[in-house]
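See structure below.
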Amino acid sequence: METRYIAALISFLGGALIALVNAILTAKEVNGDSKLPVPAAVIRQICNIVYFVGTYFVARKLGIDFIWPLIGAAVGLTIPSILFAITIAKNVKGDD
């Protein structure tokens, strides 16, 4: 397998991990269990941006064509985030 596909896969998995952490933060905030001083949305965006920019610089430093890791990171952050958001929306503790 070529290096660019492996880099895309690794950055996808890293993005999915970041999406999981973001989902946990969001679920805690939605359920009222959060003790964070700032909204989870701010922390989510910071995590996403730091991961995306970090992926770019690591790929450049390793001499890999950076487009494939960026695509993997973008898909890894997006698709799992959508799935986690659907799961969180189904499990919201409401005033039903």
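So you can find residues: chains in the structure tokens are A, B, ... in the order shown, residues in each start at 1, and ligands are numbered from 1 in order.
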
If you run DSSP over the backbone, which residues in chain A end up alpha helix (DSSP H)? Put them as a ChimeraX atom specification.
/A:3-30,40-62,67-90

Show which residues sit within 12 Å of A:Val21, as a PyMOL selection string. Count only C-alpha atoms, and ignore same-chain residues fewer than 2 positions away.
chain A and resi 14-19+23-28+40+43-45+47-48+77+80-81+84

Would you put the residues from that selection into a file with C-alpha atoms, as a PDB file, in the first residue's frame?
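Contents of selection_32.pdb, freshly written:
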```pdb
ATOM      1  CA  GLY A  14      -7.048  10.356  14.449  1.00  0.00           C
ATOM      2  CA  GLY A  15      -9.971  12.476  13.262  1.00  0.00           C
ATOM      3  CA  ALA A  16     -12.421   9.825  14.439  1.00  0.00           C
ATOM      4  CA  LEU A  17     -10.737   9.867  17.850  1.00  0.00           C
ATOM      5  CA  ILE A  18     -11.060  13.651  18.031  1.00  0.00           C
ATOM      6  CA  ALA A  19     -14.723  13.306  16.986  1.00  0.00           C
ATOM      7  CA  ALA A  23     -18.993  13.793  21.239  1.00  0.00           C
ATOM      8  CA  ILE A  24     -18.261  12.992  24.873  1.00  0.00           C
ATOM      9  CA  LEU A  25     -17.889  16.698  25.680  1.00  0.00           C
ATOM     10  CA  THR A  26     -21.113  17.491  23.825  1.00  0.00           C
ATOM     11  CA  ALA A  27     -23.078  14.698  25.499  1.00  0.00           C
ATOM     12  CA  LYS A  28     -21.987  15.894  28.938  1.00  0.00           C
ATOM     13  CA  ALA A  40     -18.387  22.640  24.439  1.00  0.00           C
ATOM     14  CA  ILE A  43     -13.646  23.401  22.703  1.00  0.00           C
ATOM     15  CA  ARG A  44     -14.853  21.261  19.773  1.00  0.00           C
ATOM     16  CA  GLN A  45     -13.847  23.863  17.226  1.00  0.00           C
ATOM     17  CA  CYS A  47      -9.800  20.626  18.848  1.00  0.00           C
ATOM     18  CA  ASN A  48     -10.856  20.307  15.203  1.00  0.00           C
ATOM     19  CA  LEU A  77     -13.670  14.576  11.749  1.00  0.00           C
ATOM     20  CA  PRO A  80     -18.056  10.165  12.893  1.00  0.00           C
ATOM     21  CA  SER A  81     -19.195  13.575  14.198  1.00  0.00           C
ATOM     22  CA  PHE A  84     -22.202  10.749  17.149  1.00  0.00           C
TER      23      PHE A  84
END
```

Show which residues sit within 7 Å of A:Ile71, as a list of chain:residue names. Count only C-alpha atoms, and ignore same-chain residues fewer than 4 positions away.
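Listed by chain and then number, they are A:Ala8, A:Ile67, A:Val75.
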
For the residues in that selection, give me C-alpha atoms as an mmCIF file, in the first residue's frame.
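Okay, again_24.cif is ready:
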```
data_model
loop_
_atom_site.group_PDB
_atom_site.id
_atom_site.type_symbol
_atom_site.label_atom_id
_atom_site.label_comp_id
_atom_site.auth_asym_id
_atom_site.auth_seq_id
_atom_site.Cartn_x
_atom_site.Cartn_y
_atom_site.Cartn_z
ATOM 1 C CA ALA A 8 -4.904 9.169 4.934
ATOM 2 C CA ILE A 67 -3.554 16.515 0.473
ATOM 3 C CA VAL A 75 -13.509 12.806 6.613
#
```

Find the distance between atom CA of A:Ala73 and atom CA of A:Phe12 and write it in Å to one decimal.
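Value for the atom CA of A:Ala73-atom CA of A:Phe12 distance: 4.8 Å.
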
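The environment of A:Gly54 within 12 Å, counting only C-alpha atoms and disregarding residues fewer than 2 places along the same chain, consists of Ser11, Gly14, Gly15, Ile46, Cys47, Asn48, Ile49, Val50, Tyr51, Phe52, Tyr56, Phe57, Val58, Ala59, Arg60, Lys61, Phe66, Pro69, Leu70 and Ala73 of chain A.
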
Restricting the calculation to only C-alpha atoms: of A:Ala89, A:Ala7, A:Val30, A:Leu20, which residue gets closest to A:Asp65?
A:Ala7

Mind giving me the straight-line distance from atom CA of A:Arg4 to atom CA of A:Gly76 in Å, one decimal?
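So the answer is 15.4 Å.
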